[in-house]
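Pasting query13.txt here (compact mmCIF, C-alpha atoms):
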```txt
# COMPACT_ATOMS: atom_id res chain seq x y z
CA MET A 1 22.15 -126.97 32.00
CA CYS A 2 22.47 -130.15 34.04
CA ALA A 3 22.09 -128.21 37.28
CA THR A 4 19.24 -125.90 36.27
CA LEU A 5 17.22 -128.51 34.34
CA ASN A 6 18.15 -131.35 36.73
CA LEU A 7 19.40 -133.50 33.85
CA HIS A 8 20.85 -136.97 34.16
CA LEU A 9 24.63 -136.83 33.64
CA GLU A 10 26.47 -140.04 32.73
CA GLN A 11 30.10 -140.74 31.90
CA LEU A 12 31.57 -143.16 29.36
CA ASP A 13 35.04 -144.16 28.27
CA VAL A 14 36.14 -145.76 24.99
CA LYS A 15 38.75 -148.48 25.41
CA THR A 16 41.69 -148.28 22.98
CA ALA A 17 39.92 -145.50 21.07
CA PHE A 18 42.76 -144.81 18.62
CA LEU A 19 42.62 -148.40 17.32
CA HIS A 20 39.14 -147.76 15.89
CA GLY A 21 40.23 -145.14 13.36
CA ASP A 22 40.17 -145.82 9.61
CA LEU A 23 43.33 -144.79 7.77
CA GLU A 24 43.11 -142.68 4.63
CA GLU A 25 46.76 -143.24 3.65
CA GLU A 26 48.78 -146.38 3.01
CA ILE A 27 51.05 -146.86 6.01
CA TYR A 28 53.57 -149.65 6.56
CA MET A 29 55.46 -150.74 9.65
CA LEU A 30 58.14 -153.23 10.61
CA GLN A 31 56.93 -156.59 11.81
CA PRO A 32 56.18 -156.35 15.56
CA GLU A 33 58.88 -157.73 17.82
CA GLY A 34 58.02 -161.28 18.85
CA PHE A 35 55.64 -161.77 15.92
CA GLU A 36 58.10 -161.84 13.02
CA GLU A 37 57.71 -164.48 10.34
CA LYS A 38 61.16 -166.03 9.98
CA GLU A 39 60.81 -166.78 6.29
CA LYS A 40 59.49 -163.29 5.48
CA LYS A 41 61.86 -161.08 7.40
CA ASN A 42 62.23 -158.72 4.46
CA LEU A 43 58.49 -157.97 4.39
CA VAL A 44 56.71 -155.19 6.27
CA CYS A 45 53.13 -154.93 7.55
CA ARG A 46 50.49 -152.75 5.96
CA LEU A 47 48.17 -151.18 8.53
CA ASN A 48 44.42 -151.68 8.14
CA LYS A 49 43.60 -149.49 11.16
CA SER A 50 45.33 -146.66 12.99
CA LEU A 51 47.70 -147.38 15.86
CA TYR A 52 48.76 -145.48 18.96
CA GLY A 53 51.79 -143.39 18.09
CA LEU A 54 50.63 -142.43 14.60
CA LYS A 55 50.37 -138.68 14.19
CA GLN A 56 47.00 -139.08 12.44
CA ALA A 57 45.55 -141.50 15.03
CA PRO A 58 43.58 -138.85 17.01
CA ARG A 59 42.06 -137.40 13.84
CA CYS A 60 41.18 -140.85 12.45
CA TRP A 61 39.42 -141.74 15.71
CA TYR A 62 37.48 -138.48 15.76
CA LYS A 63 36.32 -138.90 12.15
CA ARG A 64 35.22 -142.47 12.84
CA PHE A 65 33.25 -141.45 15.93
CA ASP A 66 31.81 -138.36 14.26
CA SER A 67 30.54 -140.42 11.32
CA PHE A 68 28.92 -142.97 13.62
CA ILE A 69 27.22 -140.54 16.00
CA MET A 70 25.89 -138.49 13.09
CA SER A 71 24.40 -141.67 11.61
CA LEU A 72 22.32 -141.97 14.80
CA GLY A 73 20.66 -138.64 14.08
CA TYR A 74 22.82 -136.45 16.31
CA ASN A 75 23.86 -133.01 15.10
CA ARG A 76 27.38 -131.72 15.54
CA LEU A 77 27.34 -128.23 17.03
CA ASN A 78 28.86 -125.48 14.92
CA ALA A 79 30.08 -123.79 18.10
CA ASP A 80 31.91 -126.92 19.27
CA PRO A 81 32.74 -129.83 16.92
CA CYS A 82 33.10 -132.19 19.91
CA ALA A 83 29.55 -131.57 21.16
CA TYR A 84 26.52 -133.38 19.72
CA PHE A 85 22.81 -132.75 20.22
CA LYS A 86 19.67 -134.70 19.38
CA ARG A 87 16.14 -133.56 20.12
CA PHE A 88 13.38 -136.11 20.71
CA GLY A 89 10.67 -133.64 21.72
CA GLU A 90 10.16 -130.09 22.94
CA ASN A 91 11.74 -130.81 26.33
CA ASP A 92 13.40 -134.12 25.49
CA PHE A 93 16.96 -134.24 24.17
CA VAL A 94 20.39 -135.79 24.63
CA ILE A 95 23.71 -133.93 24.65
CA LEU A 96 27.00 -135.78 24.15
CA LEU A 97 30.39 -134.21 24.83
CA LEU A 98 33.55 -135.89 23.56
CA TYR A 99 37.10 -135.27 24.78
CA VAL A 100 39.43 -137.75 23.02
CA ASP A 101 38.08 -141.01 24.51
CA ASP A 102 36.10 -139.55 27.43
CA MET A 103 32.39 -138.81 27.05
CA LEU A 104 29.72 -137.04 29.06
CA VAL A 105 26.09 -137.71 28.14
CA ALA A 106 23.26 -135.57 29.53
CA GLY A 107 19.51 -135.49 29.09
CA PRO A 108 16.17 -135.41 30.94
CA ASN A 109 15.15 -138.92 29.81
CA LYS A 110 17.28 -141.77 31.18
CA ASP A 111 15.87 -144.20 28.58
CA HIS A 112 17.32 -142.20 25.69
CA ILE A 113 20.71 -142.11 27.42
CA GLU A 114 20.64 -145.88 27.94
CA GLU A 115 19.68 -146.38 24.29
CA LEU A 116 22.68 -144.30 23.20
CA LYS A 117 24.96 -146.27 25.52
CA ALA A 118 23.76 -149.52 23.98
CA ARG A 119 24.35 -148.27 20.42
CA LEU A 120 27.85 -147.09 21.32
CA ALA A 121 28.66 -150.40 23.02
CA ARG A 122 27.71 -152.29 19.87
CA GLU A 123 30.07 -150.18 17.78
CA PHE A 124 33.00 -149.64 20.15
CA GLU A 125 34.41 -151.29 23.25
CA MET A 126 32.97 -149.03 25.94
CA LYS A 127 33.30 -148.66 29.69
CA ASP A 128 30.18 -147.35 31.42
CA LEU A 129 31.30 -145.24 34.39
CA GLY A 130 27.76 -144.43 35.53
CA PRO A 131 26.82 -141.00 36.96
CA ALA A 132 29.62 -138.54 36.25
CA ASN A 133 31.77 -137.70 39.27
CA LYS A 134 35.16 -136.91 37.72
CA ILE A 135 36.25 -135.65 34.31
CA LEU A 136 39.64 -134.30 33.17
CA GLY A 137 40.89 -134.08 36.73
CA MET A 138 37.82 -132.18 37.93
CA GLN A 139 35.55 -133.57 40.63
CA ILE A 140 31.81 -133.23 39.97
CA HIS A 141 29.56 -132.94 43.01
CA ARG A 142 25.77 -132.75 42.66
CA ASP A 143 22.82 -131.94 44.86
CA ARG A 144 19.86 -132.76 42.64
CA SER A 145 17.33 -131.72 45.28
CA SER A 146 18.64 -128.14 45.19
CA ARG A 147 19.63 -128.33 41.50
CA LYS A 148 23.27 -127.43 42.05
CA ILE A 149 26.54 -128.73 40.64
CA TRP A 150 30.03 -128.03 41.97
CA LEU A 151 33.26 -128.42 40.00
CA SER A 152 36.50 -128.61 41.97
CA GLN A 153 40.11 -129.79 41.68
CA LYS A 154 40.95 -130.29 45.34
CA ASN A 155 42.80 -133.58 44.79
CA TYR A 156 44.79 -132.17 41.87
CA LEU A 157 45.72 -129.05 43.84
CA LYS A 158 46.86 -131.13 46.81
CA LYS A 159 49.18 -133.02 44.46
CA ILE A 160 50.59 -129.73 43.17
CA LEU A 161 51.32 -128.52 46.69
CA SER A 162 53.04 -131.79 47.53
CA ARG A 163 54.99 -131.86 44.28
CA PHE A 164 56.52 -128.44 44.94
CA SER A 165 57.00 -129.03 48.70
CA MET A 166 54.35 -126.48 49.67
CA GLN A 167 51.94 -128.83 51.44
CA ASP A 168 52.87 -127.39 54.85
CA CYS A 169 53.09 -123.74 53.80
CA LYS A 170 51.27 -120.93 55.59
CA PRO A 171 48.01 -120.18 53.71
CA ILE A 172 47.06 -116.70 52.48
CA TYR A 173 43.87 -115.40 50.91
CA THR A 174 44.86 -113.43 47.81
CA PRO A 175 47.16 -114.75 45.06
CA LEU A 176 49.25 -111.55 44.89
CA PRO A 177 49.49 -108.52 47.22
CA ILE A 178 47.73 -105.30 46.21
CA ASN A 179 49.55 -103.25 43.53
CA PHE A 180 52.03 -106.11 43.01
CA LYS A 181 54.23 -105.83 39.91
CA LEU A 182 56.89 -108.00 38.26
CA SER A 183 59.31 -107.06 35.49
CA SER A 184 62.19 -108.39 33.41
CA SER A 185 64.59 -106.33 35.52
CA MET A 186 64.18 -109.01 38.21
CA ILE A 187 65.85 -111.74 36.13
CA PRO A 188 69.06 -113.30 37.55
CA SER A 189 71.90 -110.78 37.63
CA SER A 190 74.78 -113.07 38.61
CA GLU A 191 76.07 -116.47 37.60
CA GLY A 192 75.31 -117.81 41.06
CA GLU A 193 71.70 -116.68 40.88
CA ARG A 194 71.37 -118.13 37.39
CA MET A 195 72.64 -121.49 38.62
CA GLU A 196 70.26 -121.33 41.59
CA MET A 197 67.24 -120.55 39.40
CA SER A 198 68.15 -123.27 36.88
CA ARG A 199 67.34 -125.79 39.62
CA VAL A 200 63.95 -124.23 40.38
CA PRO A 201 60.95 -125.99 38.72
CA TYR A 202 59.47 -122.66 37.64
CA ALA A 203 57.92 -123.67 34.31
CA SER A 204 56.53 -126.88 35.77
CA ALA A 205 54.88 -125.03 38.67
CA VAL A 206 53.38 -122.35 36.43
CA GLY A 207 52.10 -124.98 33.97
CA SER A 208 50.47 -126.93 36.80
CA LEU A 209 48.76 -123.79 38.08
CA MET A 210 47.70 -122.88 34.57
CA PHE A 211 45.77 -126.14 34.18
CA ALA A 212 43.84 -125.44 37.39
CA MET A 213 43.19 -121.87 36.25
CA ILE A 214 41.79 -123.01 32.91
CA CYS A 215 39.48 -125.64 34.43
CA THR A 216 37.99 -124.31 37.65
CA ARG A 217 39.98 -121.43 39.13
CA PRO A 218 39.36 -118.04 37.48
CA ASP A 219 40.51 -116.47 40.76
CA ILE A 220 44.17 -117.17 39.92
CA ALA A 221 43.96 -116.15 36.24
CA GLN A 222 45.51 -112.72 36.71
CA ALA A 223 48.31 -113.96 38.96
CA VAL A 224 49.17 -116.93 36.73
CA GLY A 225 49.10 -114.64 33.70
CA VAL A 226 51.68 -112.38 35.32
CA VAL A 227 54.15 -115.10 36.38
CA SER A 228 53.83 -116.92 33.04
CA ARG A 229 55.52 -113.99 31.26
CA TYR A 230 58.89 -114.93 32.76
CA MET A 231 59.14 -118.62 31.92
CA ALA A 232 62.33 -118.25 29.87
CA ASN A 233 64.50 -116.64 32.55
CA PRO A 234 62.81 -116.30 35.94
CA GLY A 235 64.45 -114.64 38.92
CA ARG A 236 63.97 -115.03 42.65
CA GLU A 237 61.16 -112.48 42.80
CA HIS A 238 59.29 -114.33 40.07
CA TRP A 239 59.66 -117.63 41.93
CA ASN A 240 58.52 -116.01 45.18
CA ALA A 241 55.38 -114.86 43.36
CA VAL A 242 54.70 -118.42 42.18
CA LYS A 243 55.12 -119.70 45.73
CA ARG A 244 52.70 -117.04 46.95
CA ILE A 245 50.07 -118.32 44.50
CA LEU A 246 50.66 -121.82 45.89
CA ARG A 247 50.12 -120.45 49.40
CA TYR A 248 46.84 -118.98 48.20
CA ILE A 249 45.87 -122.37 46.77
CA LYS A 250 46.65 -123.90 50.16
CA GLY A 251 44.19 -121.51 51.80
CA THR A 252 41.42 -122.10 49.26
CA LEU A 253 41.49 -125.86 48.65
CA ASN A 254 37.79 -126.12 49.45
CA VAL A 255 36.72 -123.52 46.88
CA ALA A 256 34.59 -124.89 44.02
CA LEU A 257 32.71 -123.50 41.03
CA CYS A 258 28.98 -123.66 41.73
CA TYR A 259 26.24 -123.67 39.08
CA GLY A 260 22.52 -123.65 39.74
CA GLY A 261 20.85 -120.44 38.65
CA SER A 262 17.31 -120.30 37.36
CA ASP A 263 18.02 -119.18 33.80
CA PHE A 264 20.54 -119.38 30.96
CA LEU A 265 21.10 -115.68 30.32
CA ILE A 266 24.72 -114.81 29.56
CA SER A 267 26.20 -111.96 31.58
CA GLY A 268 29.64 -110.63 30.71
CA TYR A 269 31.95 -108.35 32.70
CA VAL A 270 35.01 -106.74 31.14
CA ASP A 271 37.82 -104.58 32.48
CA SER A 272 41.35 -103.50 31.65
CA ASP A 273 44.44 -102.39 33.54
CA TYR A 274 45.98 -99.54 31.56
CA ALA A 275 49.72 -99.94 30.86
CA GLY A 276 50.14 -102.26 33.83
CA ASP A 277 52.98 -104.22 32.22
CA LEU A 278 56.28 -102.67 33.31
CA ASP A 279 58.26 -104.17 30.43
CA LYS A 280 56.31 -103.06 27.35
CA SER A 281 53.63 -100.77 28.83
CA LYS A 282 50.90 -103.01 27.49
CA SER A 283 47.48 -103.16 29.12
CA THR A 284 45.74 -106.25 30.47
CA THR A 285 42.35 -107.48 29.27
CA GLY A 286 40.17 -109.30 31.76
CA TYR A 287 36.68 -110.66 31.30
CA VAL A 288 34.30 -113.12 32.94
CA PHE A 289 31.08 -114.59 31.56
CA THR A 290 28.56 -116.21 33.88
CA VAL A 291 25.63 -118.53 33.16
CA ALA A 292 23.36 -120.15 35.76
CA GLY A 293 25.16 -118.47 38.63
CA GLY A 294 28.72 -119.53 37.79
CA ALA A 295 31.61 -118.50 35.54
CA VAL A 296 31.75 -120.39 32.24
CA SER A 297 34.47 -118.41 30.47
CA TRP A 298 37.25 -116.15 31.72
CA VAL A 299 40.43 -114.54 30.42
CA SER A 300 43.26 -112.44 31.79
CA LYS A 301 45.94 -111.62 29.24
CA LEU A 302 48.12 -108.84 27.87
CA GLN A 303 46.75 -106.94 24.92
CA SER A 304 48.70 -107.34 21.69
CA VAL A 305 48.88 -103.58 21.10
CA VAL A 306 50.07 -100.71 23.27
CA ALA A 307 47.01 -98.63 24.15
CA THR A 308 47.57 -94.88 24.29
CA SER A 309 44.76 -94.16 26.76
CA THR A 310 42.53 -95.84 29.30
CA THR A 311 39.65 -95.47 26.83
CA GLU A 312 41.53 -97.38 24.15
CA ALA A 313 42.56 -100.11 26.62
CA GLU A 314 38.93 -100.58 27.75
CA TYR A 315 37.70 -100.49 24.15
CA VAL A 316 40.17 -103.16 23.04
CA ALA A 317 39.20 -105.30 26.05
CA ALA A 318 35.50 -104.92 25.22
CA THR A 319 36.13 -106.02 21.64
CA GLN A 320 37.99 -109.12 22.78
CA ALA A 321 35.20 -109.95 25.24
CA SER A 322 32.53 -109.45 22.57
CA LYS A 323 34.05 -112.22 20.43
CA GLU A 324 33.71 -114.66 23.32
CA ALA A 325 30.17 -113.42 23.96
CA ILE A 326 29.13 -114.21 20.40
CA TRP A 327 30.53 -117.73 20.66
CA LEU A 328 28.73 -118.38 23.96
CA LYS A 329 25.50 -117.04 22.46
CA MET A 330 25.84 -119.37 19.47
CA LEU A 331 26.60 -122.35 21.73
CA LEU A 332 23.58 -121.85 23.98
CA GLU A 333 21.25 -121.21 21.06
CA GLU A 334 22.34 -124.45 19.40
CA LEU A 335 21.42 -126.17 22.65
CA GLY A 336 17.94 -124.65 22.51
CA HIS A 337 18.31 -121.55 24.70
CA LYS A 338 17.59 -118.44 22.65
CA GLN A 339 19.50 -115.29 23.61
CA GLU A 340 18.09 -111.94 22.50
CA ASN A 341 21.47 -110.37 23.17
CA VAL A 342 24.40 -110.66 25.53
CA SER A 343 24.78 -108.08 28.29
CA LEU A 344 28.37 -106.87 28.54
CA PHE A 345 29.09 -104.73 31.60
CA CYS A 346 31.93 -102.22 31.41
CA ASP A 347 33.04 -99.58 33.95
CA SER A 348 34.39 -97.14 31.34
CA GLN A 349 31.86 -94.56 30.17
CA SER A 350 34.16 -93.34 27.39
CA ALA A 351 34.59 -96.87 26.00
CA LEU A 352 30.80 -97.29 26.02
CA HIS A 353 30.35 -94.03 24.08
CA LEU A 354 32.96 -95.15 21.55
CA ALA A 355 31.22 -98.50 21.03
CA ARG A 356 27.73 -96.99 20.75
CA ASN A 357 28.58 -94.03 18.51
CA PRO A 358 30.34 -94.96 15.24
CA ALA A 359 31.45 -91.39 14.62
CA PHE A 360 34.88 -90.01 13.77
CA HIS A 361 36.96 -89.10 16.83
CA SER A 362 40.32 -87.40 16.37
CA ARG A 363 41.69 -88.93 19.57
CA THR A 364 40.71 -92.49 18.58
CA LYS A 365 41.21 -92.47 14.81
CA HIS A 366 44.43 -94.48 15.17
CA ILE A 367 42.68 -97.51 16.71
CA ARG A 368 42.99 -100.50 14.41
CA VAL A 369 39.93 -101.47 12.39
CA GLN A 370 39.75 -104.92 14.00
CA TYR A 371 38.88 -103.35 17.36
CA HIS A 372 35.82 -101.62 15.91
CA PHE A 373 34.21 -105.05 15.61
CA ILE A 374 32.27 -104.35 18.79
CA ARG A 375 30.59 -101.31 17.21
CA GLU A 376 28.97 -103.51 14.61
CA LYS A 377 27.76 -106.01 17.21
CA VAL A 378 26.34 -103.27 19.44
CA GLU A 379 24.62 -101.62 16.47
CA GLU A 380 22.99 -104.87 15.29
CA GLY A 381 21.85 -105.69 18.84
CA THR A 382 23.95 -108.81 19.41
CA ILE A 383 25.85 -107.15 22.26
CA TYR A 384 24.15 -104.88 24.78
CA MET A 385 26.81 -102.84 26.55
CA GLN A 386 25.93 -101.45 29.94
CA LYS A 387 27.71 -99.15 32.39
CA ILE A 388 28.62 -100.64 35.74
CA HIS A 389 30.40 -99.06 38.69
CA THR A 390 33.98 -100.21 39.23
CA ASP A 391 33.03 -101.51 42.67
CA ASP A 392 30.46 -103.83 41.06
CA ASN A 393 32.64 -105.10 38.22
CA ILE A 394 33.47 -108.79 38.71
CA ALA A 395 36.26 -108.60 36.12
CA ASP A 396 38.27 -106.24 38.32
CA PHE A 397 40.26 -109.14 39.82
CA MET A 398 41.15 -110.40 36.34
CA THR A 399 43.33 -107.38 35.54
CA LYS A 400 45.25 -106.46 38.69
CA ALA A 401 46.00 -107.43 42.28
CA ILE A 402 43.31 -105.96 44.56
CA ASN A 403 42.52 -105.87 48.28
CA THR A 404 41.21 -108.95 50.07
CA ASP A 405 37.61 -107.79 50.55
CA LYS A 406 37.10 -106.85 46.89
CA PHE A 407 38.91 -109.98 45.73
CA THR A 408 36.72 -112.25 47.88
CA TRP A 409 33.59 -110.53 46.54
CA CYS A 410 34.71 -110.93 42.91
CA ARG A 411 35.51 -114.59 43.53
CA SER A 412 32.13 -115.41 45.04
CA SER A 413 30.34 -113.42 42.31
CA CYS A 414 31.93 -115.80 39.79
CA GLY A 415 30.34 -118.74 41.59
CA LEU A 416 33.55 -119.77 43.39
CA LEU A 417 32.29 -120.74 46.83
CA GLU A 418 33.59 -122.58 49.88
CA THR A 419 32.25 -126.14 50.10
```

Before we go any further, please render this structure as structure tokens.
Amino acid sequence: MCATLNLHLEQLDVKTAFLHGDLEEEIYMLQPEGFEEKEKKNLVCRLNKSLYGLKQAPRCWYKRFDSFIMSLGYNRLNADPCAYFKRFGENDFVILLLYVDDMLVAGPNKDHIEELKARLAREFEMKDLGPANKILGMQIHRDRSSRKIWLSQKNYLKKILSRFSMQDCKPIYTPLPINFKLSSSMIPSSEGERMEMSRVPYASAVGSLMFAMICTRPDIAQAVGVVSRYMANPGREHWNAVKRILRYIKGTLNVALCYGGSDFLISGYVDSDYAGDLDKSKSTTGYVFTVAGGAVSWVSKLQSVVATSTTEAEYVAATQASKEAIWLKMLLEELGHKQENVSLFCDSQSALHLARNPAFHSRTKHIRVQYHFIREKVEEGTIYMQKIHTDDNIADFMTKAINTDKFTWCRSSCGLLET
């Protein structure tokens, strides 16, 4: 929205946010070291406000902030309880996003943003960080003349490479080689190998990559999903796969998510890899949703059931994607952008027929009721499923390792571009 509508985007920080919360329970603590009253050593302190370290401190802070911002006439979004919206006119509004003590404020009218800043500063101790350029480890780059915004994590990724001694590695341009597979049979088979792998920071490396994948790098979602299955007992092959992903990161440090399309229509792409998991023969669901030219939601994960056919695997994947589509539709509509329906592109004709025709099929009668959810949404018009050729399906790189040309095309189609 900020890119397409050329909105002002400001960043704020609340100092000592957890100290502002109001406690609902009676809580006592020992007298703080250095502040004891010598004649009252047997007494304890009753807390009037929350403190850092209390398990309820985050919730108390959120409730305090929520109550205050709602008193200013802002509405909490049903789709996201940490997003607030206030409309001043047909094309005049302010959006506030809260993440613990970090805030982003956006709107077309700078005066309304400044007014909100002033009200917040009177209630809490605030730090005005000005135009947003970094949030949650992501760098924000803007070109307001062309109405584009880029999100990247170049600095964070450089730190990862350095942390795992991969800063001088040879770069490559796909996370995993084509048709690459891992399995539990590759776990350590000898005591020596087990000792060797116990010294490898496998979980730490995968967790670091996972954070980047969640924030700005859908291109590593499939690869990270694969290596994350072996956190408990990784072998050498698993660790080599992690290092290959790091080599890919080295070669794509300048890639960033770009937003700046001309509309707010949601487009979804879904795919599955039938029985691709060598351990349990489960299929992989992959989907990508784009808005304003860039990916806003993506998933690559094993399905919870074992599909008995490619049709069932695609159908289950489409159902999982449809749930995300409904949430995105609700979110954008609460922000004032009506969606007639959400287009969901699928490359399986049989899965499309199954979703569009709620008839009894002997070969699909075993599919759990929960996966027929998509039928209802297609029938009521919330989801519009469309056939797409496999070669044109962006979600293809979310389910399996593919060749470099197709991978690069999928990546750029998600809005991941070289900067």

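Once Cys60 of chain A and its same-chain neighbours fewer than 3 positions away are set aside, A:Gly21, A:Asp22, A:Leu23, A:Gln56, A:Ala57, A:Lys63, A:Arg64 remain within 7 Å of it when counting all atoms listed in the file.
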
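The space separating atom CA of Lys406 of chain A from atom CA of Ile394 of chain A comes to 9.2 Å.
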
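Closest approach to Ala221 of chain A among A:Asp405, A:Asp101, A:Glu123, A:Asp396: A:Asp396, based on all atoms listed in the file.
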
Who sits within 8 Å of Leu352 of chain A, all atoms listed in the file, same chain under 3 positions skipped, as a list in words
Tyr315, Cys346, Ser348, Gln349, Ala355, Arg356, Met385, Gln386 and Lys387 of chain A

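Among A:Val296, A:Pro81, A:Gly235, A:Glu418, the residue with the shortest atom-to-atom distance to Glu191 of chain A, counting all atoms listed in the file, is A:Gly235.
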
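Of the residues listed (A:Leu104, A:Leu30, A:Ala132, A:Ile140), A:Leu30 shows the shortest atom-to-atom separation from Leu47 of chain A; distances use only C-alpha atoms.
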
List the neighbours of segment 412-414 of chain A out to 9 Å using only C-alpha atoms; skip same-chain residues closer than 6 positions along the sequence, and give me the result as a list in words.
Pro218, Asp219, Leu257, Cys258, Val288, Phe289, Thr290, Gly293, Gly294, Ala295, Val296 and Ile394 of chain A

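Compared by their closest atoms to Met213 of chain A, and using only C-alpha atoms, the residues A:Val342, A:Ile113, A:Ile245, A:Ile27 rank with A:Ile245 nearest.
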
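Atom to atom, atom CA of His238 of chain A and atom CA of Gln153 of chain A stand 24.7 Å apart.
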
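Closest to Ile172 of chain A among A:Ser152, A:Thr252, A:Ser267, A:Thr319 is A:Thr252, based on all atoms listed in the file.
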
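Restricting the calculation to all atoms listed in the file, the smallest distance between Arg236 of chain A and any of A:Asp143, A:Glu114, A:Glu193, A:Glu39 is found for A:Glu193.
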
Determine the axis-aligned bounding box of all atoms of segment 392-395 of chain A present in the file, pad each side by 8 Å, and express its centre and edge lengths in Å to one decimal place as JSON.
```
{"center_x": 33.4, "center_y": -106.3, "center_z": 38.6, "size_x": 21.8, "size_y": 21.0, "size_z": 20.9}
```

Using Å and a single decimal, report how far atom CA of Leu136 of chain A sits from atom CA of Tyr230 of chain A.
27.3 Å

Find the residues near Asn357 of chain A: any atom within 12 Å, counting all atoms listed in the file, skip ones fewer than 5 places away on the same chain, and give them as JSON, numbers by chain.
{"A": [350, 351, 352, 372, 374, 375, 376, 378, 379]}
